[in-house]
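First comes the structure, then the notes that go with it.
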Amino acid sequence: MTTHTGSRPRALSWPGRQLEDDGARRTYSTSPAAGRRRPGVGLRPHVHRIATELGLSGFVGNDGQGAFVEVEGDPLVVESFLDRLAADPPPLAAIERIETESLSTRGDDGFTIVTSDHAGGRDTLVSPDVATCADCVREMTDPADRRYGYPFTNCTNCGPRYTIVRDVPYDRASTTMAGFPLCSDCAREYHDPADRRFHAQPVCCPACGPALLLVDMEGAEIPGDPIAVTSRLLRDGEIIAIKGLGGYHLAVNAADEGATARLRARKHREEKPFAVMAVDIEMAGQLGEVGDAEAALLRSPAAPILLLRRRPDAAVAAAVAPSNRWLGVMLPYSPLHHLLLGHHGETIVLTSGNVSDEPIAYHDDDARDRLSGIADAMLLHDRPIHMRVDDSVVRVTAGRPMPVRRSRGYAPRPITVPWRFPRHVLGVGAELKSTVCLARDNRAFVSPPHR
Ligand SMILES: [Zn+2]
Ligand SMILES: [Zn+2]
């Protein structure tokens, strides 16, 4: 039962945290500076859970300016609510400051998540895409789970974000999942505050979500289980275009000399190394030197391509990274990757789906046209990609991550600097692959590189 006091409700807002890595640094303050938070990281369900457990009434929501919360109840309980938020944020939350103010009481019953207010300003941060979490991997590999083998499994703690968001605030209707109405099971999860998928916008399952389709280069469906058949074609030395999170990749078996050399010739890519995807961290360690810092980055929510010092006996074909001491290695970061690599059991090359120096293909028709001279088959799905994003490339230098290409998993999260820009600043750079940076307040928004 809620106790109303004269000095109770609070309005809170969460500004986003912006760090190059996914370290645990958080700062809090009650400064009056305008605050924003990063939506799509499960803050609303998390707030709902804590408020409900404490018996507080009120609401949480997003508007164009970020998130807001009002809670009403005994002042001591309201204080413990604030303490819980600070001490126990959701796994992906980016809390920089918590701002509070006192409002007059309303006497509401219960705690609700209010629908997004589309009328507000448009100052909300969009979250980067997040690598599949351990809970989702477990479900996909559990024959008793209804998402067993489902290549689009996601939850509040993982899944596509930036690549599917068409507009803010971040709601399903504003994503490329808008065309996939929730089935009753998914709707129950979405509306259940105790569920890991409570208000997870891209939530879906085999009954209601996107599906895979394997086609030849004329567009004719290749019969059979798309993942099993793709694995077989890779073993046969074929080049497969795979639709990913932020664009198309081209895949071949990494140890296959003929297939990697053919891919290099068809892509007109004479020297630049190909990145590979290992099945797991142990296999990554057989390709290159993996210390604690490297392992943490490979397994991080950003899951970048990591440049590893190549082992002399690394089981990759000569054409993967000719005369290079480094090998770009990543781990599966989407449900499709987990299923494909889990089935396949061998390292694959996974390189941008383009002809050398062109941007990565990300629209289906465009991809078929541009990749028809390169790929032998295409593993497609029907979830549109709204934003083109390449894989990020990171190197560990003196024990710290050094971004070489800051893109998927990092973009569009801004970098926070310890000063305020007096006015908006635009930076443009590089001749071959241009990056744009727009700075305002204490944030620098660095674009993914564009060719
Ligand atoms: Zn998950
Ligand atoms: Zn469903």
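By order of appearance in the structure tokens: chains A, B, ..., then residues from 1 within every chain, and ligands from 1 in the order shown.
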* To do: Find the residues near ligand 2. Use a cut-off of 7 Å, count only C-alpha atoms and all ligand atoms, and write them as an MDAnalysis selection string.
  => chainID A and resid 182:186 204:209
Could you save those same residues with N, CA and C atoms as a PDB file, in the first residue's frame?
ATOM      1  N   LEU A 182       3.414  -8.968 -32.544  1.00  0.00           N
ATOM      2  CA  LEU A 182       3.737  -9.968 -31.526  1.00  0.00           C
ATOM      3  C   LEU A 182       2.684 -11.061 -31.480  1.00  0.00           C
ATOM      4  N   CYS A 183       3.128 -12.329 -31.364  1.00  0.00           N
ATOM      5  CA  CYS A 183       2.194 -13.415 -31.093  1.00  0.00           C
ATOM      6  C   CYS A 183       1.779 -13.346 -29.618  1.00  0.00           C
ATOM      7  N   SER A 184       0.842 -14.178 -29.211  1.00  0.00           N
ATOM      8  CA  SER A 184       0.339 -14.048 -27.841  1.00  0.00           C
ATOM      9  C   SER A 184       1.413 -14.402 -26.811  1.00  0.00           C
ATOM     10  N   ASP A 185       2.266 -15.384 -27.119  1.00  0.00           N
ATOM     11  CA  ASP A 185       3.333 -15.740 -26.174  1.00  0.00           C
ATOM     12  C   ASP A 185       4.335 -14.593 -26.016  1.00  0.00           C
ATOM     13  N   CYS A 186       4.744 -14.011 -27.137  1.00  0.00           N
ATOM     14  CA  CYS A 186       5.692 -12.895 -27.059  1.00  0.00           C
ATOM     15  C   CYS A 186       5.046 -11.687 -26.389  1.00  0.00           C
ATOM     16  N   CYS A 204      10.716 -11.367 -30.403  1.00  0.00           N
ATOM     17  CA  CYS A 204      10.021 -12.157 -31.413  1.00  0.00           C
ATOM     18  C   CYS A 204      10.354 -13.626 -31.193  1.00  0.00           C
ATOM     19  N   CYS A 205       9.733 -14.482 -31.958  1.00  0.00           N
ATOM     20  CA  CYS A 205       9.949 -15.921 -31.836  1.00  0.00           C
ATOM     21  C   CYS A 205       9.635 -16.560 -33.188  1.00  0.00           C
ATOM     22  N   PRO A 206       9.812 -17.872 -33.304  1.00  0.00           N
ATOM     23  CA  PRO A 206       9.540 -18.508 -34.604  1.00  0.00           C
ATOM     24  C   PRO A 206       8.103 -18.280 -35.094  1.00  0.00           C
ATOM     25  N   ALA A 207       7.161 -18.071 -34.173  1.00  0.00           N
ATOM     26  CA  ALA A 207       5.763 -17.915 -34.589  1.00  0.00           C
ATOM     27  C   ALA A 207       5.462 -16.533 -35.154  1.00  0.00           C
ATOM     28  N   CYS A 208       6.205 -15.525 -34.752  1.00  0.00           N
ATOM     29  CA  CYS A 208       5.816 -14.159 -35.146  1.00  0.00           C
ATOM     30  C   CYS A 208       6.951 -13.339 -35.751  1.00  0.00           C
ATOM     31  N   GLY A 209       8.179 -13.814 -35.692  1.00  0.00           N
ATOM     32  CA  GLY A 209       9.305 -12.964 -36.083  1.00  0.00           C
ATOM     33  C   GLY A 209       9.846 -13.253 -37.465  1.00  0.00           C
TER      34      GLY A 209
END
* Do you know which residues are within 10 Å of ligand 1 using only C-alpha atoms and all ligand atoms? Can you write them as JSON, numbers by chain? -> {"A": [130, 131, 132, 133, 134, 135, 136, 137, 138, 139, 153, 154, 155, 156, 157, 158, 159, 196, 197, 200, 203, 335]}
Just to be explicit: take each residue in the selection above, keep N, CA, C and O atoms, and write the result as a short mmCIF file (atom, residue, chain, number, x, y, z; two decimals), in the first residue's frame.
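In the end it all went to part25.cif:
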data_model
loop_
_atom_site.label_atom_id
_atom_site.label_comp_id
_atom_site.auth_asym_id
_atom_site.auth_seq_id
_atom_site.Cartn_x
_atom_site.Cartn_y
_atom_site.Cartn_z
N VAL A 130 23.74 -4.83 -29.62
CA VAL A 130 24.36 -5.54 -28.50
C VAL A 130 24.45 -7.03 -28.84
O VAL A 130 23.47 -7.65 -29.24
N ALA A 131 25.64 -7.60 -28.64
CA ALA A 131 25.85 -9.02 -28.94
C ALA A 131 24.91 -9.89 -28.10
O ALA A 131 24.57 -9.56 -26.97
N THR A 132 24.51 -11.01 -28.68
CA THR A 132 23.58 -11.95 -28.03
C THR A 132 24.08 -12.32 -26.63
O THR A 132 25.24 -12.66 -26.44
N CYS A 133 23.18 -12.25 -25.65
CA CYS A 133 23.56 -12.52 -24.26
C CYS A 133 23.54 -14.03 -23.98
O CYS A 133 23.00 -14.83 -24.75
N ALA A 134 24.15 -14.40 -22.86
CA ALA A 134 24.27 -15.82 -22.51
C ALA A 134 22.90 -16.47 -22.31
O ALA A 134 22.70 -17.64 -22.66
N ASP A 135 21.95 -15.73 -21.75
CA ASP A 135 20.61 -16.30 -21.54
C ASP A 135 19.95 -16.66 -22.87
O ASP A 135 19.32 -17.71 -23.01
N CYS A 136 20.09 -15.77 -23.86
CA CYS A 136 19.48 -16.05 -25.16
C CYS A 136 20.18 -17.21 -25.85
O CYS A 136 19.53 -18.04 -26.50
N VAL A 137 21.51 -17.30 -25.73
CA VAL A 137 22.23 -18.43 -26.33
C VAL A 137 21.75 -19.74 -25.70
O VAL A 137 21.51 -20.73 -26.39
N ARG A 138 21.56 -19.71 -24.38
CA ARG A 138 21.09 -20.92 -23.69
C ARG A 138 19.72 -21.34 -24.22
O ARG A 138 19.48 -22.51 -24.50
N GLU A 139 18.82 -20.37 -24.40
CA GLU A 139 17.49 -20.70 -24.92
C GLU A 139 17.56 -21.28 -26.33
O GLU A 139 16.87 -22.24 -26.66
N THR A 153 16.54 -14.57 -31.92
CA THR A 153 16.28 -14.49 -30.49
C THR A 153 16.99 -13.25 -29.90
O THR A 153 18.14 -12.97 -30.22
N ASN A 154 16.28 -12.51 -29.07
CA ASN A 154 16.89 -11.36 -28.39
C ASN A 154 16.09 -11.07 -27.13
O ASN A 154 15.05 -11.69 -26.89
N CYS A 155 16.60 -10.16 -26.32
CA CYS A 155 15.89 -9.81 -25.09
C CYS A 155 16.27 -8.38 -24.70
O CYS A 155 16.95 -7.69 -25.45
N THR A 156 15.85 -7.98 -23.51
CA THR A 156 16.16 -6.62 -23.07
C THR A 156 17.66 -6.38 -22.97
O THR A 156 18.12 -5.26 -23.06
N ASN A 157 18.42 -7.46 -22.77
CA ASN A 157 19.85 -7.31 -22.55
C ASN A 157 20.69 -7.48 -23.81
O ASN A 157 21.92 -7.38 -23.74
N CYS A 158 20.06 -7.76 -24.94
CA CYS A 158 20.84 -7.97 -26.15
C CYS A 158 19.97 -7.77 -27.38
O CYS A 158 18.75 -7.69 -27.28
N GLY A 159 20.64 -7.74 -28.53
CA GLY A 159 19.91 -7.71 -29.78
C GLY A 159 20.15 -6.45 -30.59
O GLY A 159 20.95 -5.58 -30.23
N ARG A 196 12.29 -11.38 -18.64
CA ARG A 196 13.50 -10.77 -19.20
C ARG A 196 13.19 -9.99 -20.48
O ARG A 196 14.02 -9.19 -20.93
N ARG A 197 12.05 -10.23 -21.09
CA ARG A 197 11.71 -9.53 -22.33
C ARG A 197 10.67 -8.43 -22.14
O ARG A 197 10.08 -7.95 -23.10
N ALA A 200 11.03 -5.36 -24.25
CA ALA A 200 12.13 -5.52 -25.21
C ALA A 200 11.53 -5.29 -26.60
O ALA A 200 10.73 -6.10 -27.07
N VAL A 203 11.53 -8.00 -29.52
CA VAL A 203 11.20 -9.37 -29.10
C VAL A 203 10.40 -10.09 -30.20
O VAL A 203 9.56 -9.50 -30.87
N PRO A 335 22.39 -14.11 -33.05
CA PRO A 335 21.87 -15.48 -32.89
C PRO A 335 22.18 -16.33 -34.12
O PRO A 335 22.53 -17.51 -33.99
#
* Smallest atom-to-atom distance to Val60 of chain A: which of A:Ala275, A:Val47, A:Ala361, A:Ile242, using only C-alpha atoms? -> A:Val47
* Neighbour list for Pro128 of chain A as JSON, numbers by chain, cut-off 9 Å, only C-alpha atoms, skip fewer than 2 positions in-chain -> {"A": [126, 130, 160, 161, 162, 163, 302, 407, 408, 409, 410, 411, 412, 413]}
For those residues, write C-alpha atoms to a file as a JSON list (two decimals), in the first residue's frame.
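Below is the file that was written, again_20.json:
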[["chain", "number", "residue", "atom", "x", "y", "z"],
["A", 126, "VAL", "CA", 20.06, 5.60, -29.64],
["A", 130, "VAL", "CA", 24.36, -5.54, -28.50],
["A", 160, "PRO", "CA", 19.64, -5.21, -32.61],
["A", 161, "ARG", "CA", 19.20, -1.52, -31.79],
["A", 162, "TYR", "CA", 20.91, 1.12, -33.96],
["A", 163, "THR", "CA", 20.58, -0.90, -37.15],
["A", 302, "ALA", "CA", 30.23, -4.74, -28.62],
["A", 407, "SER", "CA", 31.27, 1.15, -35.72],
["A", 408, "ARG", "CA", 28.95, -1.74, -34.76],
["A", 409, "GLY", "CA", 28.55, -2.12, -31.02],
["A", 410, "TYR", "CA", 29.96, 1.37, -30.33],
["A", 411, "ALA", "CA", 28.17, 3.72, -32.75],
["A", 412, "PRO", "CA", 26.12, 5.81, -32.28],
["A", 413, "ARG", "CA", 27.10, 6.12, -28.62]]
* Counting only C-alpha atoms, the option among A:Met387, A:Gly285, A:Ile360, A:Val320 closest to Glu257 of chain A -> A:Val320
* Asked: Between atom CA of Pro151 of chain A and atom CA of Gly246 of chain A, what is the spacing in Å?
  ->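 Atom-to-atom, atom CA of Gly246 of chain A to atom CA of Pro151 of chain A, that is 15.3 Å.
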